[in-house]
file query.pdb (PDB, C-alpha atoms)
ATOM      1  CA  MET Y 254     143.167  83.622  75.234
ATOM      2  CA  LYS Y 255     141.191  86.443  76.869
ATOM      3  CA  LYS Y 256     137.451  86.168  77.255
ATOM      4  CA  ASN Y 257     135.344  88.598  75.269
ATOM      5  CA  LYS Y 258     133.308  91.088  77.269
ATOM      6  CA  ILE Y 259     129.691  90.566  76.331
ATOM      7  CA  PHE Y 260     126.668  92.840  76.658
ATOM      8  CA  LYS Y 261     124.856  92.712  80.001
ATOM      9  CA  THR Y 262     121.276  93.843  80.541
ATOM     10  CA  LEU Y 263     120.453  96.196  83.429
ATOM     11  CA  ASP Y 264     119.060  93.234  85.403
ATOM     12  CA  GLU Y 265     122.277  91.298  84.805
ATOM     13  CA  GLN Y 266     124.378  94.292  85.859
ATOM     14  CA  ILE Y 267     122.430  94.531  89.102
ATOM     15  CA  GLU Y 268     122.849  90.817  89.758
ATOM     16  CA  ILE Y 269     126.613  91.116  89.278
ATOM     17  CA  LEU Y 270     126.750  93.930  91.843
ATOM     18  CA  LYS Y 271     124.564  91.985  94.274
ATOM     19  CA  SER Y 272     126.694  88.845  93.848
ATOM     20  CA  LYS Y 273     129.682  90.863  95.027
ATOM     21  CA  GLY Y 274     127.861  91.924  98.185
ATOM     22  CA  LEU Y 275     126.588  95.381  97.189
ATOM     23  CA  ILE Y 276     123.301  96.349  98.878
ATOM     24  CA  ILE Y 277     120.753  97.738  96.418
ATOM     25  CA  GLU Y 278     117.832  99.298  98.236
ATOM     26  CA  ASP Y 279     115.857 100.613  95.255
ATOM     27  CA  VAL Y 280     116.185  98.397  92.164
ATOM     28  CA  ILE Y 281     114.120 100.643  89.876
ATOM     29  CA  GLU Y 282     116.109 103.767  90.733
ATOM     30  CA  THR Y 283     119.393 101.842  90.438
ATOM     31  CA  LYS Y 284     118.424 100.623  86.960
ATOM     32  CA  GLU Y 285     117.654 104.175  85.888
ATOM     33  CA  ILE Y 286     121.029 105.394  87.186
ATOM     34  CA  LEU Y 287     122.936 102.567  85.497
ATOM     35  CA  PHE Y 288     121.115 103.247  82.227
ATOM     36  CA  ARG Y 289     121.756 106.984  82.395
ATOM     37  CA  GLU Y 290     125.294 107.012  83.801
ATOM     38  CA  ASN Y 291     126.835 103.763  82.465
ATOM     39  CA  TYR Y 292     127.646 100.704  84.590
ATOM     40  CA  PHE Y 293     131.316 100.803  83.551
ATOM     41  CA  PHE Y 294     131.841 104.375  84.795
ATOM     42  CA  ILE Y 295     130.107 103.837  88.121
ATOM     43  CA  SER Y 296     131.870 100.525  88.775
ATOM     44  CA  GLY Y 297     135.174 102.381  88.312
ATOM     45  CA  TYR Y 298     134.791 103.545  91.920
ATOM     46  CA  ARG Y 299     134.219 100.073  93.366
ATOM     47  CA  HIS Y 300     137.892  99.683  94.399
ATOM     48  CA  LEU Y 301     137.347 102.125  97.268
ATOM     49  CA  PHE Y 302     134.799  99.733  98.738
ATOM     50  CA  MET Y 303     136.513  96.378  98.094
ATOM     51  CA  GLN Y 304     137.448  94.148 101.022
ATOM     52  CA  SER Y 305     141.026  93.882  99.765
ATOM     53  CA  TYR Y 306     143.134  94.123  96.613
ATOM     54  CA  ASN Y 307     142.614  90.405  95.939
ATOM     55  CA  ASP Y 308     139.026  90.152  97.180
ATOM     56  CA  THR Y 309     136.663  91.888  94.751
ATOM     57  CA  HIS Y 310     133.688  91.620  97.101
ATOM     58  CA  PHE Y 311     132.349  94.809  98.642
ATOM     59  CA  ILE Y 312     132.950  95.614 102.304
ATOM     60  CA  ARG Y 313     129.992  94.378 104.330
ATOM     61  CA  GLY Y 314     127.231  97.001 104.402
ATOM     62  CA  THR Y 315     128.290  98.893 101.256
ATOM     63  CA  THR Y 316     125.276 100.299  99.397
ATOM     64  CA  PHE Y 317     124.785 101.331  95.802
ATOM     65  CA  ASP Y 318     123.919 104.793  97.106
ATOM     66  CA  GLU Y 319     127.444 105.085  98.567
ATOM     67  CA  LEU Y 320     129.016 103.938  95.314
ATOM     68  CA  TYR Y 321     126.935 106.430  93.329
ATOM     69  CA  ALA Y 322     127.673 109.239  95.810
ATOM     70  CA  THR Y 323     131.395 108.648  95.208
ATOM     71  CA  PHE Y 324     130.836 108.750  91.451
ATOM     72  CA  LEU Y 325     129.002 112.088  91.807
ATOM     73  CA  PHE Y 326     131.694 113.408  94.138
ATOM     74  CA  ASP Y 327     134.363 112.677  91.547
ATOM     75  CA  ARG Y 328     132.288 114.319  88.813
ATOM     76  CA  ASN Y 329     131.677 117.458  90.886
ATOM     77  CA  ILE Y 330     135.336 117.735  91.931
ATOM     78  CA  ARG Y 331     136.345 117.250  88.297
ATOM     79  CA  ASN Y 332     134.054 120.081  87.191
ATOM     80  CA  ILE Y 333     135.414 122.382  89.899
ATOM     81  CA  ILE Y 334     139.040 121.629  89.025
ATOM     82  CA  PHE Y 335     138.289 122.060  85.324
ATOM     83  CA  LYS Y 336     136.807 125.506  85.911
ATOM     84  CA  TYR Y 337     139.907 126.748  87.721
ATOM     85  CA  LEU Y 338     142.269 125.078  85.256
ATOM     86  CA  LEU Y 339     140.571 127.084  82.500
ATOM     87  CA  THR Y 340     141.322 130.237  84.485
ATOM     88  CA  VAL Y 341     145.018 129.326  84.678
ATOM     89  CA  GLU Y 342     145.006 128.323  81.009
ATOM     90  CA  ASN Y 343     143.639 131.719  79.997
ATOM     91  CA  ASN Y 344     146.163 133.513  82.233
ATOM     92  CA  ILE Y 345     149.227 131.680  80.939
ATOM     93  CA  LYS Y 346     148.099 132.128  77.334
ATOM     94  CA  SER Y 347     147.758 135.859  77.902
ATOM     95  CA  ILE Y 348     151.120 136.230  79.671
ATOM     96  CA  LEU Y 349     153.009 134.026  77.205
ATOM     97  CA  SER Y 350     151.547 135.739  74.124
ATOM     98  CA  TYR Y 351     152.348 139.161  75.607
ATOM     99  CA  GLN Y 352     155.973 138.172  76.183
ATOM    100  CA  MET Y 353     156.403 136.720  72.684
ATOM    101  CA  SER Y 354     154.663 139.612  70.945
ATOM    102  CA  LYS Y 355     156.760 142.153  72.829
ATOM    103  CA  GLN Y 356     159.984 140.350  71.966
ATOM    104  CA  TYR Y 357     159.387 139.048  68.457
ATOM    105  CA  GLY Y 358     156.524 140.894  66.773
ATOM    106  CA  TYR Y 359     152.884 140.247  66.063
ATOM    107  CA  ARG Y 360     152.900 138.496  62.666
ATOM    108  CA  GLU Y 361     153.240 134.707  62.705
ATOM    109  CA  LYS Y 362     156.207 134.788  60.296
ATOM    110  CA  GLU Y 363     157.952 136.902  62.944
ATOM    111  CA  TYR Y 364     157.049 135.181  66.213
ATOM    112  CA  LEU Y 365     157.208 131.647  64.745
ATOM    113  CA  ASN Y 366     160.794 132.094  63.573
ATOM    114  CA  PRO Y 367     162.848 129.181  64.994
ATOM    115  CA  LYS Y 368     165.589 131.659  65.959
ATOM    116  CA  ASN Y 369     163.261 133.043  68.644
ATOM    117  CA  PHE Y 370     163.406 129.784  70.585
ATOM    118  CA  THR Y 371     165.983 127.770  72.481
ATOM    119  CA  GLN Y 372     169.075 126.962  70.449
ATOM    120  CA  ASP Y 373     169.846 123.920  72.597
ATOM    121  CA  ASN Y 374     170.907 121.155  70.194
ATOM    122  CA  ILE Y 375     168.964 118.582  72.205
ATOM    123  CA  LYS Y 376     165.716 120.506  71.618
ATOM    124  CA  VAL Y 377     166.079 121.358  67.911
ATOM    125  CA  ARG Y 378     163.635 118.677  66.819
ATOM    126  CA  GLN Y 379     161.194 119.643  69.586
ATOM    127  CA  VAL Y 380     161.276 123.296  68.480
ATOM    128  CA  TYR Y 381     160.338 122.444  64.889
ATOM    129  CA  ASP Y 382     157.710 119.946  66.052
ATOM    130  CA  VAL Y 383     155.933 122.533  68.255
ATOM    131  CA  LEU Y 384     156.118 125.268  65.606
ATOM    132  CA  ASN Y 385     154.647 122.868  63.029
ATOM    133  CA  LYS Y 386     151.799 122.086  65.428
ATOM    134  CA  MET Y 387     151.102 125.807  65.769
ATOM    135  CA  ARG Y 388     151.168 126.368  62.004
ATOM    136  CA  ARG Y 389     148.802 123.442  61.585
ATOM    137  CA  GLN Y 390     146.371 125.027  64.027
ATOM    138  CA  ILE Y 391     146.450 128.182  61.922
ATOM    139  CA  ARG Y 392     145.690 126.161  58.763
ATOM    140  CA  VAL Y 393     143.020 123.901  60.281
ATOM    141  CA  ASN Y 394     141.284 126.143  62.833
ATOM    142  CA  GLY Y 395     142.258 129.673  61.823
ATOM    143  CA  ARG Y 396     139.123 130.311  59.790
ATOM    144  CA  GLN Y 397     136.772 128.446  62.130
ATOM    145  CA  HIS Y 398     137.038 130.863  65.064
ATOM    146  CA  THR Y 399     135.567 134.358  64.902
ATOM    147  CA  ALA Y 400     138.642 136.168  66.266
ATOM    148  CA  THR Y 401     141.245 134.334  64.185
ATOM    149  CA  SER Y 402     139.192 134.412  60.981
ATOM    150  CA  HIS Y 403     138.645 138.163  61.450
ATOM    151  CA  TYR Y 404     142.377 138.808  61.470
ATOM    152  CA  LEU Y 405     143.038 136.447  58.579
ATOM    153  CA  ASN Y 406     140.306 137.972  56.422
ATOM    154  CA  ASN Y 407     141.103 141.604  57.231
ATOM    155  CA  TYR Y 408     144.845 141.642  57.825
ATOM    156  CA  GLY Y 409     146.189 138.370  56.431
ATOM    157  CA  TYR Y 410     147.882 137.304  59.660
ATOM    158  CA  ILE Y 411     147.014 136.202  63.213
ATOM    159  CA  PRO Y 412     148.720 137.954  66.167
ATOM    160  CA  MET Y 413     150.024 135.682  68.897
ATOM    161  CA  TRP Y 414     147.507 137.028  71.427
ATOM    162  CA  ILE Y 415     144.726 135.862  69.089
ATOM    163  CA  LEU Y 416     146.357 132.590  68.002
ATOM    164  CA  VAL Y 417     146.422 131.295  71.579
ATOM    165  CA  LYS Y 418     142.643 130.990  71.408
ATOM    166  CA  VAL Y 419     142.978 127.966  69.108
ATOM    167  CA  LEU Y 420     146.016 126.418  70.818
ATOM    168  CA  SER Y 421     145.461 123.629  73.316
ATOM    169  CA  PHE Y 422     146.865 123.782  76.831
ATOM    170  CA  GLY Y 423     149.138 120.916  75.778
ATOM    171  CA  ILE Y 424     150.680 122.955  72.953
ATOM    172  CA  ILE Y 425     151.053 125.969  75.252
ATOM    173  CA  SER Y 426     152.921 123.753  77.733
ATOM    174  CA  GLU Y 427     155.207 122.497  74.965
ATOM    175  CA  LEU Y 428     155.676 126.041  73.653
ATOM    176  CA  TYR Y 429     156.792 127.312  77.052
ATOM    177  CA  ASN Y 430     159.375 124.544  77.264
ATOM    178  CA  ILE Y 431     161.062 125.557  73.982
ATOM    179  CA  LEU Y 432     161.273 129.274  74.820
ATOM    180  CA  LYS Y 433     164.603 130.912  75.455
ATOM    181  CA  VAL Y 434     165.582 130.902  79.130
ATOM    182  CA  GLU Y 435     165.155 134.675  79.443
ATOM    183  CA  ASP Y 436     161.580 134.464  78.099
ATOM    184  CA  GLN Y 437     160.759 131.609  80.472
ATOM    185  CA  MET Y 438     162.118 133.640  83.373
ATOM    186  CA  ASN Y 439     160.046 136.692  82.468
ATOM    187  CA  ILE Y 440     156.899 134.548  82.393
ATOM    188  CA  SER Y 441     157.615 132.503  85.539
ATOM    189  CA  GLU Y 442     158.521 135.676  87.423
ATOM    190  CA  TYR Y 443     154.872 136.722  87.300
ATOM    191  CA  TYR Y 444     153.997 133.693  89.454
ATOM    192  CA  ASN Y 445     157.080 134.016  91.690
ATOM    193  CA  LEU Y 446     158.234 130.645  90.401
ATOM    194  CA  ASP Y 447     161.494 129.435  88.941
ATOM    195  CA  SER Y 448     161.263 128.732  85.210
ATOM    196  CA  GLU Y 449     161.891 124.981  85.517
ATOM    197  CA  SER Y 450     159.119 124.471  88.070
ATOM    198  CA  LEU Y 451     156.606 126.354  85.910
ATOM    199  CA  GLY Y 452     157.446 124.080  82.978
ATOM    200  CA  ILE Y 453     156.738 121.006  85.125
ATOM    201  CA  TYR Y 454     153.550 122.608  86.475
ATOM    202  CA  LEU Y 455     152.182 123.358  83.009
ATOM    203  CA  SER Y 456     152.801 119.799  81.849
ATOM    204  CA  LEU Y 457     150.981 118.324  84.850
ATOM    205  CA  LEU Y 458     148.084 120.795  84.580
ATOM    206  CA  SER Y 459     147.728 119.981  80.889
ATOM    207  CA  ASN Y 460     147.463 116.296  81.756
ATOM    208  CA  PHE Y 461     144.736 116.896  84.352
ATOM    209  CA  ARG Y 462     142.962 119.390  82.090
ATOM    210  CA  ASN Y 463     142.590 116.735  79.368
ATOM    211  CA  LEU Y 464     141.366 114.197  81.904
ATOM    212  CA  CYS Y 465     138.721 116.636  83.187
ATOM    213  CA  ALA Y 466     137.618 117.602  79.661
ATOM    214  CA  HIS Y 467     137.031 113.955  78.756
ATOM    215  CA  GLU Y 468     135.297 113.126  82.049
ATOM    216  CA  ASP Y 469     137.768 110.411  83.003
ATOM    217  CA  ILE Y 470     138.011 109.117  86.562
ATOM    218  CA  LEU Y 471     139.881 111.713  88.586
ATOM    219  CA  TYR Y 472     140.195 110.503  92.176
ATOM    220  CA  ASP Y 473     143.022 107.992  91.678
ATOM    221  CA  HIS Y 474     144.754 109.584  88.687
ATOM    222  CA  ARG Y 475     148.529 109.892  88.887
ATOM    223  CA  THR Y 476     150.899 111.514  86.402
ATOM    224  CA  GLN Y 477     154.225 109.946  85.466
ATOM    225  CA  ARG Y 478     156.233 112.968  86.549
ATOM    226  CA  GLY Y 479     155.816 114.608  89.931
ATOM    227  CA  ILE Y 480     156.243 118.236  90.912
ATOM    228  CA  PRO Y 481     159.288 119.380  92.924
ATOM    229  CA  ASP Y 482     158.992 119.541  96.715
ATOM    230  CA  THR Y 483     157.556 122.842  97.903
ATOM    231  CA  LYS Y 484     157.198 124.760 101.147
ATOM    232  CA  TYR Y 485     153.573 123.571 101.186
ATOM    233  CA  HIS Y 486     154.631 119.931 101.480
ATOM    234  CA  TYR Y 487     156.901 120.894 104.365
ATOM    235  CA  LYS Y 488     154.533 123.240 106.221
ATOM    236  CA  LEU Y 489     151.620 120.814 105.935
ATOM    237  CA  ASN Y 490     153.903 118.151 107.410
ATOM    238  CA  ILE Y 491     152.825 115.665 104.735
ATOM    239  CA  GLU Y 492     153.851 112.087 105.545
ATOM    240  CA  MET Y 493     156.924 110.715 103.796
ATOM    241  CA  THR Y 494     158.076 107.285 102.669
ATOM    242  CA  ASP Y 495     161.738 106.803 101.744
ATOM    243  CA  ASP Y 496     162.248 110.587 101.754
ATOM    244  CA  GLU Y 497     159.378 111.086  99.288
ATOM    245  CA  TYR Y 498     156.162 112.894 100.173
ATOM    246  CA  ASN Y 499     153.156 110.561 100.027
ATOM    247  CA  TYR Y 500     150.758 113.228  98.758
ATOM    248  CA  GLY Y 501     150.889 116.295  96.571
ATOM    249  CA  LYS Y 502     153.497 115.103  94.082
ATOM    250  CA  ASN Y 503     151.704 113.615  91.040
ATOM    251  CA  ASP Y 504     148.116 113.424  92.261
ATOM    252  CA  LEU Y 505     145.132 115.742  92.541
ATOM    253  CA  TYR Y 506     146.613 117.480  95.559
ATOM    254  CA  ALA Y 507     149.637 118.363  93.437
ATOM    255  CA  VAL Y 508     147.157 120.278  91.272
ATOM    256  CA  ILE Y 509     145.902 122.087  94.389
ATOM    257  CA  ILE Y 510     149.479 123.022  95.338
ATOM    258  CA  ILE Y 511     150.086 124.362  91.828
ATOM    259  CA  LEU Y 512     146.830 126.316  91.787
ATOM    260  CA  LYS Y 513     147.742 127.848  95.150
ATOM    261  CA  GLN Y 514     150.692 129.441  93.356
ATOM    262  CA  MET Y 515     148.979 130.334  90.074
ATOM    263  CA  LEU Y 516     145.521 131.590  91.091
ATOM    264  CA  THR Y 517     144.777 134.830  92.887
ATOM    265  CA  GLU Y 518     144.139 134.585  96.619
ATOM    266  CA  GLU Y 519     140.406 135.151  96.071
ATOM    267  CA  GLU Y 520     140.216 132.533  93.323
ATOM    268  CA  PHE Y 521     142.023 129.979  95.470
ATOM    269  CA  ARG Y 522     139.663 130.609  98.392
ATOM    270  CA  GLY Y 523     136.770 129.913  96.038
ATOM    271  CA  LEU Y 524     138.412 126.669  94.934
ATOM    272  CA  THR Y 525     138.965 125.360  98.462
ATOM    273  CA  PHE Y 526     135.450 126.363  99.511
ATOM    274  CA  GLU Y 527     133.865 124.474  96.606
ATOM    275  CA  ILE Y 528     136.004 121.371  97.124
ATOM    276  CA  GLY Y 529     135.394 121.480 100.876
ATOM    277  CA  TYR Y 530     131.643 121.563 100.296
ATOM    278  CA  GLU Y 531     131.787 118.455  98.073
ATOM    279  CA  ILE Y 532     133.925 116.618 100.629
ATOM    280  CA  ASP Y 533     131.405 117.458 103.368
ATOM    281  CA  VAL Y 534     128.554 116.185 101.183
ATOM    282  CA  LEU Y 535     130.419 112.937 100.515
ATOM    283  CA  ASP Y 536     131.139 112.529 104.223
ATOM    284  CA  GLY Y 537     127.410 112.679 104.920
ATOM    285  CA  ARG Y 538     126.607 110.041 102.299
ATOM    286  CA  VAL Y 539     129.318 107.417 102.803
ATOM    287  CA  ASP Y 540     129.599 105.463 106.060
ATOM    288  CA  THR Y 541     131.268 102.215 105.029
ATOM    289  CA  VAL Y 542     134.630 103.767 104.192
ATOM    290  CA  LYS Y 543     136.302 106.423 106.335
ATOM    291  CA  LEU Y 544     136.543 109.854 104.728
ATOM    292  CA  ASN Y 545     140.316 110.046 105.269
ATOM    293  CA  LEU Y 546     140.775 106.873 103.209
ATOM    294  CA  ILE Y 547     138.936 108.451 100.274
ATOM    295  CA  LEU Y 548     140.876 111.704 100.687
ATOM    296  CA  ASN Y 549     144.169 109.809 100.707
ATOM    297  CA  LYS Y 550     143.153 108.025  97.497
ATOM    298  CA  ILE Y 551     142.884 111.392  95.754
ATOM    299  CA  GLY Y 552     146.174 112.491  97.307
ATOM    300  CA  PHE Y 553     144.704 114.789  99.963
ATOM    301  CA  PRO Y 554     146.299 114.795 103.428
ATOM    302  CA  SER Y 555     143.772 115.062 106.260
ATOM    303  CA  ASN Y 556     144.812 118.700 106.856
ATOM    304  CA  TRP Y 557     144.519 119.577 103.159
ATOM    305  CA  ARG Y 558     142.574 122.780 103.853
ATOM    306  CA  ASP Y 559     145.415 124.340 105.832
ATOM    307  CA  ILE Y 560     147.175 125.221 102.571
ATOM    308  CA  GLU Y 561     144.812 128.190 102.270
ATOM    309  CA  ASP Y 562     146.501 129.908 105.246
ATOM    310  CA  ILE Y 563     150.107 129.323 104.156
ATOM    311  CA  ASP Y 564     151.767 132.411 102.681
TER     312      ASP Y 564
END

call {"tool": "encode", "arguments": {"input": "query.pdb", "output": "structure tokens"}}
result
Amino acid sequence: MKKNKIFKTLDEQIEILKSKGLIIEDVIETKEILFRENYFFISGYRHLFMQSYNDTHFIRGTTFDELYATFLFDRNIRNIIFKYLLTVENNIKSILSYQMSKQYGYREKEYLNPKNFTQDNIKVRQVYDVLNKMRRQIRVNGRQHTATSHYLNNYGYIPMWILVKVLSFGIISELYNILKVEDQMNISEYYNLDSESLGIYLSLLSNFRNLCAHEDILYDHRTQRGIPDTKYHYKLNIEMTDDEYNYGKNDLYAVIIILKQMLTEEEFRGLTFEIGYEIDVLDGRVDTVKLNLILNKIGFPSNWRDIEDID
């Protein structure tokens, strides 16, 4: 029978951290941080500073300031990634809605016709499931958003380019994957990608987008499905194990590789600059653990920045 987790006071939380070897230099400030940020969230980064997988004591010399700096690093990186994911989300919604409107019309009874989507027998159920999700969004959220309610009240329908405003990235990803092959190709062509890769990219980005929106721990997150090998893996000479790249497949660096292909050159430079700044800040605040170890935990190879110069 599992033990119940019971409430711990701030003093008790500090004693637990101290008992595991963490150095706390300012108890009052540490209490304030634990109260404001939540002990559970901050302790989620303790694994980086553990002596080993089986030994839950901190590496000798580890301070609470280092643990908190890692927590802040993850938060700042998460906010940066989220900002650029929203850019991609807006872009793909615009491109996808343009393609569907051009091909199938601007009234929902036209563009939501099941005949407009893949006729693959394996995906029949998926097609109806996604279309039902979209219709539900029209029913539930259509009158709650200014743009969609305007069209409903004045015209009695919502064009696809307006409907996308109330569709989640997850639904957009699913929608792309039930499109006819020719529609997928027209959309993926914009990014100079093959249609299958874009489908995988959208699914992974949707996963990370939800994680960022809910402020979950980002640094060690891995998705179940990885992205295909790219020229970036090869040109960065990323280490391999059993013919599989160690980084950039289902981790945060995979997101960077995707964004390299889906953002403009200027946007991507902004992304790498902002992430680079946060990494430099972390490097100045953490001494106990080598920077490369932390970078590897988030899936970044040591030469991660070189991707900016690869055409």

call {"tool": "atom_distance", "arguments": {"input": "query.pdb", "atom1": "atom CA of Y:Lys433", "atom2": "atom CA of Y:Asn343"}}
result
21.5 Å

call {"tool": "closest_atom_pairs", "arguments": {"input": "query.pdb", "of": "stretch 463-495 of chain Y", "to": "stretch 441-451 of chain Y", "cutoff": "10 Å", "atoms": "all atoms listed in the file", "output": "JSON lines"}}
result
{"residue": "Y:Ile480", "atom": "CA", "partner": "Y:Ser450", "partner_atom": "CA", "distance": 7.4}
{"residue": "Y:Pro481", "atom": "CA", "partner": "Y:Ser450", "partner_atom": "CA", "distance": 7.0}
{"residue": "Y:Asp482", "atom": "CA", "partner": "Y:Ser450", "partner_atom": "CA", "distance": 10.0}

call {"tool": "resolve_selection", "arguments": {"input": "query.pdb", "expression": "the PyMOL selection byres ((chain Y and resi 386) around 12)", "output": "list in words"}}
result
Leu365, Gln379, Val380, Tyr381, Asp382, Val383, Leu384, Asn385, Met387, Arg388, Arg389, Gln390, Ile391, Arg392, Val393, Asn394, Val419, Leu420, Ser421, Gly423, Ile424, Ile425, Glu427 and Leu428 of chain Y

call {"tool": "resolve_selection", "arguments": {"input": "query.pdb", "expression": "the PyMOL selection byres ((chain Y and resi 555-559) around 10)", "output": "NGL selection string"}}
result
:Y and (485 or 488-491 or 500-501 or 506 or 509-510 or 522 or 525-526 or 528-529 or 544-546 or 548-549 or 552-554 or 560-563)

call {"tool": "closest_residue", "arguments": {"input": "query.pdb", "among": "Y:Thr401, Y:Ser459, Y:Asn307, Y:Asn503", "to": "Y:Asp473", "atoms": "all atoms listed in the file"}}
result
Y:Asn503

call {"tool": "atom_distance", "arguments": {"input": "query.pdb", "atom1": "atom CA of Y:Gln352", "atom2": "atom CA of Y:Lys336"}}
result
24.9 Å

call {"tool": "axis_aligned_box", "arguments": {"input": "query.pdb", "around": "stretch 360-367 of chain Y", "padding_each_side": "5 Å", "output": "AutoDock Vina command-line options"}}
result
--center_x 157.9 --center_y 133.8 --center_z 63.3 --size_x 19.9 --size_y 19.3 --size_z 15.9

call {"tool": "closest_residue", "arguments": {"input": "query.pdb", "among": "Y:Ile334, Y:Phe294, Y:Tyr472, Y:Tyr410", "to": "Y:Glu361", "atoms": "only C-alpha atoms"}}
result
Y:Tyr410

call {"tool": "closest_residue", "arguments": {"input": "query.pdb", "among": "Y:Leu524, Y:Val508, Y:Ile295, Y:Leu432", "to": "Y:Tyr454", "atoms": "all atoms listed in the file"}}
result
Y:Val508

call {"tool": "closest_residue", "arguments": {"input": "query.pdb", "among": "Y:Leu339, Y:Ile440, Y:Ile411, Y:Leu471", "to": "Y:Leu512", "atoms": "all atoms listed in the file"}}
result
Y:Leu339

call {"tool": "resolve_selection", "arguments": {"input": "query.pdb", "expression": "the PyMOL selection byres ((chain Y and resi 274) around 9)", "output": "list of chain:residue names"}}
result
Y:Leu270, Y:Lys271, Y:Ser272, Y:Lys273, Y:Leu275, Y:Ile276, Y:His310, Y:Phe311, Y:Ile312, Y:Arg313, Y:Gly314, Y:Thr315, Y:Thr316

call {"tool": "closest_residue", "arguments": {"input": "query.pdb", "among": "Y:Ile415, Y:Leu505, Y:Leu455, Y:Met493", "to": "Y:Val341", "atoms": "all atoms listed in the file"}}
result
Y:Leu455

call {"tool": "residues_around", "arguments": {"input": "query.pdb", "residues": "Y:Thr309", "least_positions_apart": "4", "cutoff": "8 Å", "atoms": "all atoms listed in the file", "output": "list in words"}}
result
Lys273, His300, Met303, Gln304 and Ser305 of chain Y

call {"tool": "atom_distance", "arguments": {"input": "query.pdb", "atom1": "atom CA of Y:Ala507", "atom2": "atom CA of Y:Arg462"}}
result
13.2 Å

call {"tool": "closest_residue", "arguments": {"input": "query.pdb", "among": "Y:Glu265, Y:Glu278, Y:Glu468, Y:Asp564", "to": "Y:Glu290", "atoms": "only C-alpha atoms"}}
result
Y:Glu468

call {"tool": "build_atoms", "arguments": {"input": "query.pdb", "residues": "stretch 371-384 of chain Y", "atoms": "N, CA and C atoms", "output": "mmCIF file, keeping the file's coordinate frame"}}
result
data_model
loop_
_atom_site.group_PDB
_atom_site.id
_atom_site.type_symbol
_atom_site.label_atom_id
_atom_site.label_comp_id
_atom_site.auth_asym_id
_atom_site.auth_seq_id
_atom_site.Cartn_x
_atom_site.Cartn_y
_atom_site.Cartn_z
ATOM 1 N N THR Y 371 164.744 128.335 71.963
ATOM 2 C CA THR Y 371 165.983 127.770 72.481
ATOM 3 C C THR Y 371 166.851 127.233 71.343
ATOM 4 N N GLN Y 372 168.129 127.462 71.453
ATOM 5 C CA GLN Y 372 169.075 126.962 70.449
ATOM 6 C C GLN Y 372 169.805 125.717 70.964
ATOM 7 N N ASP Y 373 169.288 125.155 72.029
ATOM 8 C CA ASP Y 373 169.846 123.920 72.597
ATOM 9 C C ASP Y 373 169.753 122.802 71.552
ATOM 10 N N ASN Y 374 170.873 122.196 71.221
ATOM 11 C CA ASN Y 374 170.907 121.155 70.194
ATOM 12 C C ASN Y 374 169.979 119.983 70.505
ATOM 13 N N ILE Y 375 169.824 119.703 71.792
ATOM 14 C CA ILE Y 375 168.964 118.582 72.205
ATOM 15 C C ILE Y 375 167.499 118.860 71.868
ATOM 16 N N LYS Y 376 167.123 120.144 71.809
ATOM 17 C CA LYS Y 376 165.716 120.506 71.618
ATOM 18 C C LYS Y 376 165.373 120.976 70.203
ATOM 19 N N VAL Y 377 166.326 120.875 69.279
ATOM 20 C CA VAL Y 377 166.079 121.358 67.911
ATOM 21 C C VAL Y 377 164.845 120.704 67.300
ATOM 22 N N ARG Y 378 164.777 119.401 67.397
ATOM 23 C CA ARG Y 378 163.635 118.677 66.819
ATOM 24 C C ARG Y 378 162.332 119.085 67.495
ATOM 25 N N GLN Y 379 162.385 119.242 68.820
ATOM 26 C CA GLN Y 379 161.194 119.643 69.586
ATOM 27 C C GLN Y 379 160.703 121.022 69.158
ATOM 28 N N VAL Y 380 161.636 121.945 68.911
ATOM 29 C CA VAL Y 380 161.276 123.296 68.480
ATOM 30 C C VAL Y 380 160.491 123.235 67.174
ATOM 31 N N TYR Y 381 161.011 122.523 66.186
ATOM 32 C CA TYR Y 381 160.338 122.444 64.889
ATOM 33 C C TYR Y 381 159.005 121.698 64.989
ATOM 34 N N ASP Y 382 158.952 120.709 65.862
ATOM 35 C CA ASP Y 382 157.710 119.946 66.052
ATOM 36 C C ASP Y 382 156.608 120.850 66.607
ATOM 37 N N VAL Y 383 156.928 121.642 67.639
ATOM 38 C CA VAL Y 383 155.933 122.533 68.255
ATOM 39 C C VAL Y 383 155.506 123.626 67.274
ATOM 40 N N LEU Y 384 156.452 124.211 66.569
ATOM 41 C CA LEU Y 384 156.118 125.268 65.606
ATOM 42 C C LEU Y 384 155.237 124.721 64.483
#
